[in-house]
There are 2 protein chains.
Amino acid sequence: MTEPSLHPSAQKSRHTVSRQWILHQYPQRSHSISGAFKLIERPLHPSTPSTPQGTCIPANKILLRTLWFSNDPAQRTRINNASPDRLCTDLMREGDVMSATAIGEVIESSHPEYRKGDLVRGAFGWSEYVLVDTDSSRDWQLVKIPPKTNPADFMAMGGTALTAYFGLLSVGAATSADKTIVVSAAAAAIGSIVTQIAKNVVGIKRVVGIAGSEAQCEVIKERCGADIALNYKSPNFRREFEEATPEYVDIYFDVTGGEALELSLRRIARNGRVVACGAIFRYDSGGEEMAVSAKAWTNIIFMKARVEGFTVSEFKDRFPEAREQVFRWVRQGKIHPLKTVWRAKFEELPQGMVKLLKGEHVGKLVTEIITE
Amino acid sequence: MTEPSLHPSAQKSRHTVSRQWILHQYPQRSHSISGAFKLIERPLHPSTPSTPQGTCIPANKILLRTLWFSNDPAQRTRINNASPDRLCTDLMREGDVMSATAIGEVIESSHPEYRKGDLVRGAFGWSEYVLVDTDSSRDWQLVKIPPKTNPADFMAMGGTALTAYFGLLSVGAATSADKTIVVSAAAAAIGSIVTQIAKNVVGIKRVVGIAGSEAQCEVIKERCGADIALNYKSPNFRREFEEATPEYVDIYFDVTGGEALELSLRRIARNGRVVACGAIFRYDSGGEEMAVSAKAWTNIIFMKARVEGFTVSEFKDRFPEAREQVFRWVRQGKIHPLKTVWRAKFEELPQGMVKLLKGEHVGKLVTEIITE
Ligand SMILES: NC(=O)c1ccc[n+]([C@@H]2O[C@H](COP(=O)([O-])OP(=O)(O)OC[C@H]3O[C@@H](n4cnc5c(N)ncnc54)[C@H](OP(=O)(O)O)[C@@H]3O)[C@@H](O)[C@H]2O)c1
Ligand SMILES: NC(=O)c1ccc[n+]([C@@H]2O[C@H](COP(=O)([O-])OP(=O)(O)OC[C@H]3O[C@@H](n4cnc5c(N)ncnc54)[C@H](OP(=O)(O)O)[C@@H]3O)[C@@H](O)[C@H]2O)c1
């Protein structure tokens, strides 16, 4: 990562400019982002007249300071120009502000619905300040955070929870008739919500969560309510997986690929389903390594199984309904957000991606900006 | 294969016994069946009283002599006790009569619907004579061959055509909105029907068939109507595959696995579908070899693709309707059966499986028994 190229407090006195982290050059290897980003300073929303401090900002605009940032594996995908050749979202271009979902506090507003102090979620990117035109609030994907809501909790219940919701219920078509579900990365952002919905809402008899450490396995059982937690790094993982799935696997929720995918297909139940949500493959290899063996694949035929990929954006018409449902379950105590909050300065922002890729967090990894 | 253990004409004078090929021992390697089968002689339908020649056979029974045998890869699967661990149909037991669909000629009948000389299809196995109780005609899956119908054509339009029909139309959900379909083993039994339905019934714009020789490629274009035929043994197969699918792959009908599967997933279209119908993997390896790479798998997610396995038996309630439809298309000249007829003696029957596994046939491989 490059050094910040300007003094951190340069624009603090006037909100006419903002510091921003831009994509400087595509990272060269999958788990490294060194040299990828650059900290710059740009006029706020250059297409609108700049806003001298003290003057009223233009009509229907709000000025926000970003305070919480969501860290998502999809951000890494969007700056990966190596492979796969085709992405679900557009590849970012060098020079673009790094994309990110964030929550900002309203500093100034000329729109009656937004007041100073309100917290607003949006697609703000890695910008310290944002001047938002509320006429284009759809592009910004603005959502006001309800009062008394913890912003990090709200973030953990954003796109992550929607992905869990549609993946499990629409793509996976989970019902209480399913006897066994296996969830990969079940202590992580999506997996922790999938596990809770599967157990506490759908009521699946045997919920098996997979993670990479004993501490995460503890979380999967104690905080997500899974019946069984398995450590995929265990030397006996294969045998443990078999013992954990005596009635085979009706649904496998896949966010990782790897051994969990292979074993789930080997033990897929008749009419079983694999929800292909994510893959943590080493792209350095160009993707030539094995995803699934012949033995596992053959089970797709013999067991009449279905593997289905999805991206949550295809469900966007149903986001409002899903959000409401998810928050209802939270109020009813059926599910709760899991998160790891990392406090950092704006100029440290890219380190959040490093932490994300390390994968030691529990639940959603949220960066909270230290303001002083 | 073992030598026949009795004189070929032993039971010809009286129809109280039949020669049968039984499974002697599970074959050891995937493309070898040597030592697997044994020719024996057994009383006809031992649970019923034996039938002295000349005497009327018991009520509602018909005695048939089998004359045409269907050769199916599924037969090989049913005697494979190595892997996969779970099969869609039961594994055969050593000592069982080898299972097979056959067409027999009625020799004697005490049932008014069946007359001497009628041709009847059924699950007769590798038996030279069969005594069928028409009260259990469902178990035998009896179908009378319509007059003036070529038995080998009828055989090519049996389970094979039903597999093509349900695989393409139900599992694959093919419509004329699909721009490109890729069919593997498109000169073989299932593939040749899939190719014709895709082109001549559904009306898919670009039908790409894959086979292993130039002669088969010729058949795919000239006799099945495919727009493009590709030889998967070509050194430039990857490049040719890309050039053949400029609008990507909406449907891939998979009966082989291997390179065709890998490339189809790499070029799967948005919302594309893979119909997982069959796999010709080397089970000698225990199935540990790669079916699909990480790069191909990732496309399932990004392209929101669906891979779905099936066995035709799950559609059995709809067989009559499908059969009618298929024969209507034949009468309308939209599709026609492709077959290779191998003339052989009953004692040579297992060699049909050897031929099948060699894969040099075009369309359905039918064994016609030489009677003299
Ligand atoms: N389809 C969609 O619409 C959609 C939407 C959002 C996200 N996604 C995808 O879903 C996946 C998960 O997202 P998330 O937000 O839940 O991520 P996350 O919180 O960063 O969790 C990723 C987890 O994967 C685990 N992991 C890493 N390598 C692994 C391996 N080889 N085997 C097993 N586990 C491994 C990590 O734990 P350990 O390394 O400690 O085991 C980490 O906890 C990502 O691939 C993302 O791209 C898809
Ligand atoms: N799902 C179901 O309900 C169902 C029902 C029936 C059959 N099946 C399956 O469908 C498949 C095809 O059945 P079929 O009756 O059409 O078989 P078939 O007539 O015997 O055709 C098999 C073809 O596969 C080709 N082949 C062999 N190895 C190959 C490879 N490595 N790559 C590409 N092609 C290869 C062979 O040609 P070359 O070797 O000359 O290239 C041969 O023509 C079988 O796997 C069978 O088990 C499934």
# chains A, B, ... in the order shown; residues from 1 in each chain; ligands from 1
call {"tool": "interface_residues", "arguments": {"of": "chain A", "to": "chain B", "cutoff": "7 Å", "atoms": "only C-alpha atoms", "output": "PDB file with all heavy atoms, in the first residue's frame"}}
result
ATOM      1  N   PRO A  84     -11.430 -14.854 -12.518  1.00  0.00           N
ATOM      2  CA  PRO A  84     -11.944 -15.410 -13.754  1.00  0.00           C
ATOM      3  C   PRO A  84     -12.150 -14.329 -14.814  1.00  0.00           C
ATOM      4  O   PRO A  84     -12.187 -13.144 -14.491  1.00  0.00           O
ATOM      5  CB  PRO A  84     -13.277 -16.011 -13.335  1.00  0.00           C
ATOM      6  CG  PRO A  84     -13.716 -15.148 -12.200  1.00  0.00           C
ATOM      7  CD  PRO A  84     -12.463 -14.776 -11.481  1.00  0.00           C
ATOM      8  N   LEU A  87     -16.809 -11.499 -14.684  1.00  0.00           N
ATOM      9  CA  LEU A  87     -17.265 -11.224 -13.327  1.00  0.00           C
ATOM     10  C   LEU A  87     -18.745 -10.897 -13.338  1.00  0.00           C
ATOM     11  O   LEU A  87     -19.309 -10.529 -14.356  1.00  0.00           O
ATOM     12  CB  LEU A  87     -16.518 -10.021 -12.752  1.00  0.00           C
ATOM     13  CG  LEU A  87     -15.028 -10.213 -12.502  1.00  0.00           C
ATOM     14  CD1 LEU A  87     -14.401  -8.886 -12.142  1.00  0.00           C
ATOM     15  CD2 LEU A  87     -14.817 -11.222 -11.392  1.00  0.00           C
ATOM     16  N   CYS A  88     -19.363 -11.038 -12.156  1.00  0.00           N
ATOM     17  CA  CYS A  88     -20.782 -10.696 -12.071  1.00  0.00           C
ATOM     18  C   CYS A  88     -20.957  -9.191 -12.012  1.00  0.00           C
ATOM     19  O   CYS A  88     -21.910  -8.632 -12.510  1.00  0.00           O
ATOM     20  CB  CYS A  88     -21.426 -11.360 -10.871  1.00  0.00           C
ATOM     21  SG  CYS A  88     -20.561 -11.076  -9.337  1.00  0.00           S
ATOM     22  N   ALA A 276     -24.390 -22.265  -4.441  1.00  0.00           N
ATOM     23  CA  ALA A 276     -23.054 -21.784  -4.797  1.00  0.00           C
ATOM     24  C   ALA A 276     -23.016 -20.273  -4.638  1.00  0.00           C
ATOM     25  O   ALA A 276     -23.425 -19.528  -5.518  1.00  0.00           O
ATOM     26  CB  ALA A 276     -22.704 -22.202  -6.223  1.00  0.00           C
ATOM     27  N   CYS A 277     -22.563 -19.844  -3.456  1.00  0.00           N
ATOM     28  CA  CYS A 277     -22.612 -18.428  -3.084  1.00  0.00           C
ATOM     29  C   CYS A 277     -21.257 -17.759  -3.223  1.00  0.00           C
ATOM     30  O   CYS A 277     -21.150 -16.627  -3.639  1.00  0.00           O
ATOM     31  CB  CYS A 277     -23.112 -18.320  -1.642  1.00  0.00           C
ATOM     32  SG  CYS A 277     -23.056 -16.653  -0.964  1.00  0.00           S
ATOM     33  N   GLY A 278     -20.204 -18.464  -2.849  1.00  0.00           N
ATOM     34  CA  GLY A 278     -18.879 -17.857  -2.898  1.00  0.00           C
ATOM     35  C   GLY A 278     -17.810 -18.922  -3.034  1.00  0.00           C
ATOM     36  O   GLY A 278     -18.069 -20.111  -2.864  1.00  0.00           O
ATOM     37  N   ALA A 279     -16.600 -18.485  -3.363  1.00  0.00           N
ATOM     38  CA  ALA A 279     -15.499 -19.426  -3.521  1.00  0.00           C
ATOM     39  C   ALA A 279     -14.228 -18.722  -3.104  1.00  0.00           C
ATOM     40  O   ALA A 279     -13.984 -17.593  -3.513  1.00  0.00           O
ATOM     41  CB  ALA A 279     -15.391 -19.876  -4.972  1.00  0.00           C
ATOM     42  N   PHE A 281     -10.908 -19.464  -3.724  1.00  0.00           N
ATOM     43  CA  PHE A 281      -9.889 -20.235  -4.410  1.00  0.00           C
ATOM     44  C   PHE A 281      -8.645 -19.372  -4.566  1.00  0.00           C
ATOM     45  O   PHE A 281      -8.720 -18.154  -4.562  1.00  0.00           O
ATOM     46  CB  PHE A 281     -10.366 -20.653  -5.812  1.00  0.00           C
ATOM     47  CG  PHE A 281     -11.432 -21.710  -5.795  1.00  0.00           C
ATOM     48  CD1 PHE A 281     -12.686 -21.455  -6.329  1.00  0.00           C
ATOM     49  CD2 PHE A 281     -11.186 -22.956  -5.258  1.00  0.00           C
ATOM     50  CE1 PHE A 281     -13.667 -22.434  -6.349  1.00  0.00           C
ATOM     51  CE2 PHE A 281     -12.154 -23.947  -5.264  1.00  0.00           C
ATOM     52  CZ  PHE A 281     -13.396 -23.680  -5.808  1.00  0.00           C
ATOM     53  N   GLY A 287      -6.739 -20.572 -11.526  1.00  0.00           N
ATOM     54  CA  GLY A 287      -7.972 -21.351 -11.357  1.00  0.00           C
ATOM     55  C   GLY A 287      -7.899 -22.754 -11.930  1.00  0.00           C
ATOM     56  O   GLY A 287      -8.915 -23.409 -12.107  1.00  0.00           O
ATOM     57  N   GLU A 288      -6.674 -23.226 -12.231  1.00  0.00           N
ATOM     58  CA  GLU A 288      -6.548 -24.546 -12.865  1.00  0.00           C
ATOM     59  C   GLU A 288      -6.683 -25.693 -11.865  1.00  0.00           C
ATOM     60  O   GLU A 288      -6.851 -26.846 -12.256  1.00  0.00           O
ATOM     61  CB  GLU A 288      -5.202 -24.674 -13.596  1.00  0.00           C
ATOM     62  CG  GLU A 288      -4.999 -23.686 -14.738  1.00  0.00           C
ATOM     63  CD  GLU A 288      -5.986 -23.875 -15.897  1.00  0.00           C
ATOM     64  OE1 GLU A 288      -6.506 -24.983 -16.085  1.00  0.00           O
ATOM     65  OE2 GLU A 288      -6.242 -22.881 -16.609  1.00  0.00           O
ATOM     66  N   GLU A 289      -6.604 -25.397 -10.571  1.00  0.00           N
ATOM     67  CA  GLU A 289      -6.676 -26.490  -9.584  1.00  0.00           C
ATOM     68  C   GLU A 289      -8.087 -27.061  -9.500  1.00  0.00           C
ATOM     69  O   GLU A 289      -9.051 -26.448  -9.945  1.00  0.00           O
ATOM     70  CB  GLU A 289      -6.198 -26.005  -8.207  1.00  0.00           C
ATOM     71  CG  GLU A 289      -7.167 -25.125  -7.455  1.00  0.00           C
ATOM     72  CD  GLU A 289      -7.068 -23.666  -7.854  1.00  0.00           C
ATOM     73  OE1 GLU A 289      -6.505 -23.363  -8.920  1.00  0.00           O
ATOM     74  OE2 GLU A 289      -7.583 -22.828  -7.092  1.00  0.00           O
ATOM     75  N   MET A 290      -8.200 -28.214  -8.879  1.00  0.00           N
ATOM     76  CA  MET A 290      -9.468 -28.937  -8.840  1.00  0.00           C
ATOM     77  C   MET A 290     -10.484 -28.253  -7.916  1.00  0.00           C
ATOM     78  O   MET A 290     -10.176 -27.886  -6.802  1.00  0.00           O
ATOM     79  CB  MET A 290      -9.208 -30.358  -8.352  1.00  0.00           C
ATOM     80  CG  MET A 290     -10.442 -31.186  -8.159  1.00  0.00           C
ATOM     81  SD  MET A 290     -10.022 -32.944  -7.985  1.00  0.00           S
ATOM     82  CE  MET A 290     -10.207 -33.149  -6.226  1.00  0.00           C
ATOM     83  N   ALA A 291     -11.693 -28.104  -8.393  1.00  0.00           N
ATOM     84  CA  ALA A 291     -12.779 -27.645  -7.527  1.00  0.00           C
ATOM     85  C   ALA A 291     -13.535 -28.839  -6.982  1.00  0.00           C
ATOM     86  O   ALA A 291     -13.923 -28.862  -5.813  1.00  0.00           O
ATOM     87  CB  ALA A 291     -13.731 -26.741  -8.295  1.00  0.00           C
ATOM     88  N   VAL A 292     -13.744 -29.827  -7.845  1.00  0.00           N
ATOM     89  CA  VAL A 292     -14.586 -30.962  -7.497  1.00  0.00           C
ATOM     90  C   VAL A 292     -14.057 -32.196  -8.230  1.00  0.00           C
ATOM     91  O   VAL A 292     -13.693 -32.112  -9.408  1.00  0.00           O
ATOM     92  CB  VAL A 292     -16.046 -30.651  -7.922  1.00  0.00           C
ATOM     93  CG1 VAL A 292     -16.832 -31.905  -8.143  1.00  0.00           C
ATOM     94  CG2 VAL A 292     -16.727 -29.764  -6.887  1.00  0.00           C
ATOM     95  N   SER A 293     -14.011 -33.332  -7.537  1.00  0.00           N
ATOM     96  CA  SER A 293     -13.506 -34.568  -8.144  1.00  0.00           C
ATOM     97  C   SER A 293     -14.595 -35.265  -8.955  1.00  0.00           C
ATOM     98  O   SER A 293     -15.786 -34.963  -8.825  1.00  0.00           O
ATOM     99  CB  SER A 293     -13.012 -35.522  -7.059  1.00  0.00           C
ATOM    100  OG  SER A 293     -14.134 -36.131  -6.433  1.00  0.00           O
ATOM    101  N   ALA A 294     -14.151 -36.235  -9.742  1.00  0.00           N
ATOM    102  CA  ALA A 294     -15.080 -37.038 -10.538  1.00  0.00           C
ATOM    103  C   ALA A 294     -16.087 -37.762  -9.648  1.00  0.00           C
ATOM    104  O   ALA A 294     -17.273 -37.824  -9.944  1.00  0.00           O
ATOM    105  CB  ALA A 294     -14.290 -38.060 -11.360  1.00  0.00           C
ATOM    106  N   LYS A 295     -15.607 -38.270  -8.525  1.00  0.00           N
ATOM    107  CA  LYS A 295     -16.474 -39.006  -7.616  1.00  0.00           C
ATOM    108  C   LYS A 295     -17.593 -38.097  -7.078  1.00  0.00           C
ATOM    109  O   LYS A 295     -18.758 -38.498  -7.019  1.00  0.00           O
ATOM    110  CB  LYS A 295     -15.637 -39.527  -6.447  1.00  0.00           C
ATOM    111  CG  LYS A 295     -16.362 -40.498  -5.571  1.00  0.00           C
ATOM    112  CD  LYS A 295     -15.355 -41.168  -4.646  1.00  0.00           C
ATOM    113  CE  LYS A 295     -16.012 -42.313  -3.889  1.00  0.00           C
ATOM    114  NZ  LYS A 295     -15.008 -43.124  -3.209  1.00  0.00           N
ATOM    115  N   TRP A 297     -18.659 -35.300  -8.473  1.00  0.00           N
ATOM    116  CA  TRP A 297     -19.515 -34.856  -9.581  1.00  0.00           C
ATOM    117  C   TRP A 297     -20.565 -35.923  -9.931  1.00  0.00           C
ATOM    118  O   TRP A 297     -21.727 -35.621 -10.197  1.00  0.00           O
ATOM    119  CB  TRP A 297     -18.675 -34.529 -10.816  1.00  0.00           C
ATOM    120  CG  TRP A 297     -19.496 -33.945 -11.918  1.00  0.00           C
ATOM    121  CD1 TRP A 297     -20.129 -34.624 -12.920  1.00  0.00           C
ATOM    122  CD2 TRP A 297     -19.839 -32.567 -12.084  1.00  0.00           C
ATOM    123  NE1 TRP A 297     -20.823 -33.753 -13.721  1.00  0.00           N
ATOM    124  CE2 TRP A 297     -20.665 -32.481 -13.237  1.00  0.00           C
ATOM    125  CE3 TRP A 297     -19.517 -31.390 -11.393  1.00  0.00           C
ATOM    126  CZ2 TRP A 297     -21.176 -31.271 -13.692  1.00  0.00           C
ATOM    127  CZ3 TRP A 297     -20.023 -30.186 -11.854  1.00  0.00           C
ATOM    128  CH2 TRP A 297     -20.846 -30.133 -12.985  1.00  0.00           C
ATOM    129  N   THR A 298     -20.115 -37.179  -9.944  1.00  0.00           N
ATOM    130  CA  THR A 298     -21.016 -38.262 -10.321  1.00  0.00           C
ATOM    131  C   THR A 298     -22.238 -38.322  -9.406  1.00  0.00           C
ATOM    132  O   THR A 298     -23.340 -38.663  -9.840  1.00  0.00           O
ATOM    133  CB  THR A 298     -20.257 -39.604 -10.275  1.00  0.00           C
ATOM    134  OG1 THR A 298     -19.013 -39.422 -10.932  1.00  0.00           O
ATOM    135  CG2 THR A 298     -21.026 -40.677 -10.990  1.00  0.00           C
ATOM    136  N   ILE A 300     -23.846 -35.863  -8.324  1.00  0.00           N
ATOM    137  CA  ILE A 300     -24.854 -34.897  -8.792  1.00  0.00           C
ATOM    138  C   ILE A 300     -25.868 -35.626  -9.663  1.00  0.00           C
ATOM    139  O   ILE A 300     -27.075 -35.421  -9.545  1.00  0.00           O
ATOM    140  CB  ILE A 300     -24.197 -33.738  -9.579  1.00  0.00           C
ATOM    141  CG1 ILE A 300     -23.260 -32.931  -8.679  1.00  0.00           C
ATOM    142  CG2 ILE A 300     -25.281 -32.825 -10.180  1.00  0.00           C
ATOM    143  CD1 ILE A 300     -22.524 -31.801  -9.391  1.00  0.00           C
ATOM    144  N   ILE A 301     -25.367 -36.518 -10.517  1.00  0.00           N
ATOM    145  CA  ILE A 301     -26.278 -37.270 -11.391  1.00  0.00           C
ATOM    146  C   ILE A 301     -27.076 -38.286 -10.580  1.00  0.00           C
ATOM    147  O   ILE A 301     -28.308 -38.261 -10.570  1.00  0.00           O
ATOM    148  CB  ILE A 301     -25.490 -38.016 -12.491  1.00  0.00           C
ATOM    149  CG1 ILE A 301     -24.584 -37.039 -13.236  1.00  0.00           C
ATOM    150  CG2 ILE A 301     -26.448 -38.744 -13.431  1.00  0.00           C
ATOM    151  CD1 ILE A 301     -23.541 -37.727 -14.098  1.00  0.00           C
ATOM    152  N   PHE A 302     -26.343 -39.160  -9.894  1.00  0.00           N
ATOM    153  CA  PHE A 302     -27.011 -40.288  -9.234  1.00  0.00           C
ATOM    154  C   PHE A 302     -27.976 -39.828  -8.147  1.00  0.00           C
ATOM    155  O   PHE A 302     -28.989 -40.485  -7.916  1.00  0.00           O
ATOM    156  CB  PHE A 302     -25.974 -41.241  -8.631  1.00  0.00           C
ATOM    157  CG  PHE A 302     -25.226 -42.011  -9.666  1.00  0.00           C
ATOM    158  CD1 PHE A 302     -23.956 -42.505  -9.418  1.00  0.00           C
ATOM    159  CD2 PHE A 302     -25.796 -42.261 -10.908  1.00  0.00           C
ATOM    160  CE1 PHE A 302     -23.262 -43.221 -10.368  1.00  0.00           C
ATOM    161  CE2 PHE A 302     -25.109 -42.983 -11.876  1.00  0.00           C
ATOM    162  CZ  PHE A 302     -23.837 -43.460 -11.601  1.00  0.00           C
ATOM    163  N   MET A 303     -27.652 -38.739  -7.466  1.00  0.00           N
ATOM    164  CA  MET A 303     -28.508 -38.280  -6.374  1.00  0.00           C
ATOM    165  C   MET A 303     -29.485 -37.195  -6.842  1.00  0.00           C
ATOM    166  O   MET A 303     -30.187 -36.611  -6.040  1.00  0.00           O
ATOM    167  CB  MET A 303     -27.654 -37.771  -5.211  1.00  0.00           C
ATOM    168  CG  MET A 303     -26.850 -38.870  -4.554  1.00  0.00           C
ATOM    169  SD  MET A 303     -27.947 -40.145  -3.839  1.00  0.00           S
ATOM    170  CE  MET A 303     -27.123 -41.632  -4.426  1.00  0.00           C
ATOM    171  N   LYS A 304     -29.517 -36.943  -8.177  1.00  0.00           N
ATOM    172  CA  LYS A 304     -30.420 -35.918  -8.719  1.00  0.00           C
ATOM    173  C   LYS A 304     -30.246 -34.608  -7.967  1.00  0.00           C
ATOM    174  O   LYS A 304     -31.228 -33.967  -7.568  1.00  0.00           O
ATOM    175  CB  LYS A 304     -31.872 -36.373  -8.602  1.00  0.00           C
ATOM    176  CG  LYS A 304     -32.136 -37.704  -9.255  1.00  0.00           C
ATOM    177  CD  LYS A 304     -33.472 -38.258  -8.798  1.00  0.00           C
ATOM    178  CE  LYS A 304     -33.571 -39.716  -9.142  1.00  0.00           C
ATOM    179  NZ  LYS A 304     -34.661 -40.391  -8.453  1.00  0.00           N
ATOM    180  N   ALA A 305     -29.009 -34.249  -7.734  1.00  0.00           N
ATOM    181  CA  ALA A 305     -28.730 -33.039  -6.972  1.00  0.00           C
ATOM    182  C   ALA A 305     -28.738 -31.818  -7.878  1.00  0.00           C
ATOM    183  O   ALA A 305     -28.717 -31.937  -9.108  1.00  0.00           O
ATOM    184  CB  ALA A 305     -27.384 -33.170  -6.269  1.00  0.00           C
ATOM    185  N   ARG A 306     -28.798 -30.651  -7.258  1.00  0.00           N
ATOM    186  CA  ARG A 306     -28.803 -29.398  -8.007  1.00  0.00           C
ATOM    187  C   ARG A 306     -27.765 -28.467  -7.408  1.00  0.00           C
ATOM    188  O   ARG A 306     -27.725 -28.278  -6.190  1.00  0.00           O
ATOM    189  CB  ARG A 306     -30.188 -28.755  -7.890  1.00  0.00           C
ATOM    190  CG  ARG A 306     -30.372 -27.523  -8.739  1.00  0.00           C
ATOM    191  CD  ARG A 306     -31.767 -26.944  -8.546  1.00  0.00           C
ATOM    192  NE  ARG A 306     -31.848 -26.232  -7.290  1.00  0.00           N
ATOM    193  CZ  ARG A 306     -32.964 -26.095  -6.564  1.00  0.00           C
ATOM    194  NH1 ARG A 306     -34.088 -26.632  -6.968  1.00  0.00           N
ATOM    195  NH2 ARG A 306     -32.946 -25.417  -5.445  1.00  0.00           N
ATOM    196  N   VAL A 307     -26.943 -27.899  -8.260  1.00  0.00           N
ATOM    197  CA  VAL A 307     -25.976 -26.890  -7.830  1.00  0.00           C
ATOM    198  C   VAL A 307     -26.419 -25.593  -8.474  1.00  0.00           C
ATOM    199  O   VAL A 307     -26.590 -25.533  -9.698  1.00  0.00           O
ATOM    200  CB  VAL A 307     -24.551 -27.239  -8.320  1.00  0.00           C
ATOM    201  CG1 VAL A 307     -23.578 -26.131  -7.948  1.00  0.00           C
ATOM    202  CG2 VAL A 307     -24.092 -28.581  -7.775  1.00  0.00           C
ATOM    203  N   GLU A 308     -26.612 -24.556  -7.687  1.00  0.00           N
ATOM    204  CA  GLU A 308     -27.099 -23.323  -8.298  1.00  0.00           C
ATOM    205  C   GLU A 308     -26.329 -22.120  -7.776  1.00  0.00           C
ATOM    206  O   GLU A 308     -26.199 -21.923  -6.572  1.00  0.00           O
ATOM    207  CB  GLU A 308     -28.599 -23.167  -8.033  1.00  0.00           C
ATOM    208  CG  GLU A 308     -29.245 -22.163  -8.950  1.00  0.00           C
ATOM    209  CD  GLU A 308     -30.767 -22.309  -9.034  1.00  0.00           C
ATOM    210  OE1 GLU A 308     -31.301 -23.354  -8.622  1.00  0.00           O
ATOM    211  OE2 GLU A 308     -31.404 -21.357  -9.507  1.00  0.00           O
ATOM    212  N   GLY A 309     -25.826 -21.328  -8.698  1.00  0.00           N
ATOM    213  CA  GLY A 309     -25.121 -20.109  -8.337  1.00  0.00           C
ATOM    214  C   GLY A 309     -26.088 -18.940  -8.284  1.00  0.00           C
ATOM    215  O   GLY A 309     -27.162 -18.987  -8.872  1.00  0.00           O
ATOM    216  N   PHE A 310     -25.684 -17.901  -7.579  1.00  0.00           N
ATOM    217  CA  PHE A 310     -26.535 -16.703  -7.552  1.00  0.00           C
ATOM    218  C   PHE A 310     -25.701 -15.517  -7.098  1.00  0.00           C
ATOM    219  O   PHE A 310     -24.646 -15.674  -6.505  1.00  0.00           O
ATOM    220  CB  PHE A 310     -27.730 -16.888  -6.615  1.00  0.00           C
ATOM    221  CG  PHE A 310     -27.388 -16.714  -5.152  1.00  0.00           C
ATOM    222  CD1 PHE A 310     -27.803 -15.596  -4.456  1.00  0.00           C
ATOM    223  CD2 PHE A 310     -26.630 -17.668  -4.496  1.00  0.00           C
ATOM    224  CE1 PHE A 310     -27.472 -15.428  -3.116  1.00  0.00           C
ATOM    225  CE2 PHE A 310     -26.302 -17.509  -3.154  1.00  0.00           C
ATOM    226  CZ  PHE A 310     -26.717 -16.390  -2.465  1.00  0.00           C
ATOM    227  N   THR A 311     -26.163 -14.347  -7.444  1.00  0.00           N
ATOM    228  CA  THR A 311     -25.628 -13.139  -6.819  1.00  0.00           C
ATOM    229  C   THR A 311     -26.835 -12.418  -6.248  1.00  0.00           C
ATOM    230  O   THR A 311     -27.907 -12.401  -6.857  1.00  0.00           O
ATOM    231  CB  THR A 311     -24.873 -12.241  -7.814  1.00  0.00           C
ATOM    232  OG1 THR A 311     -25.720 -11.977  -8.905  1.00  0.00           O
ATOM    233  CG2 THR A 311     -23.613 -12.914  -8.308  1.00  0.00           C
TER     234      THR A 311
END
call {"tool": "residues_around", "arguments": {"residues": "segment 150-157 of chain B", "least_positions_apart": "2", "cutoff": "6 Å", "atoms": "only C-alpha atoms", "output": "JSON, numbers by chain"}}
result
{"B": [161, 337, 364]}
call {"tool": "write_last_selection", "arguments": {"atoms": "C-alpha atoms", "output": "PDB file, in the first residue's frame"}}
result
ATOM      1  CA  ALA B 161     -35.085 -41.060 -26.251  1.00  0.00           C
ATOM      2  CA  PRO B 337     -33.604 -42.888 -34.704  1.00  0.00           C
ATOM      3  CA  LYS B 364     -27.987 -46.651 -30.208  1.00  0.00           C
TER       4      LYS B 364
END
call {"tool": "residues_near_ligand", "arguments": {"ligand": "ligand 1", "cutoff": "8 Å", "atoms": "only C-alpha atoms and all ligand atoms", "output": "ChimeraX atom specification"}}
result
/A:71-74,77,159-160,163,167,184-192,210-213,216,232,254-260,276-281,309-313,356-365 /B:301-302
call {"tool": "residues_around", "arguments": {"residues": "Lys316 of chain B", "least_positions_apart": "5", "cutoff": "12 Å", "atoms": "only C-alpha atoms", "output": "number ranges by chain"}}
result
B: 138, 141, 159, 162-163, 166, 311, 321-323
call {"tool": "closest_residue", "arguments": {"among": "B:Ala215, B:Leu265, B:Ala177, B:Leu67", "to": "Lys345 of chain B", "atoms": "only C-alpha atoms"}}
result
B:Leu67
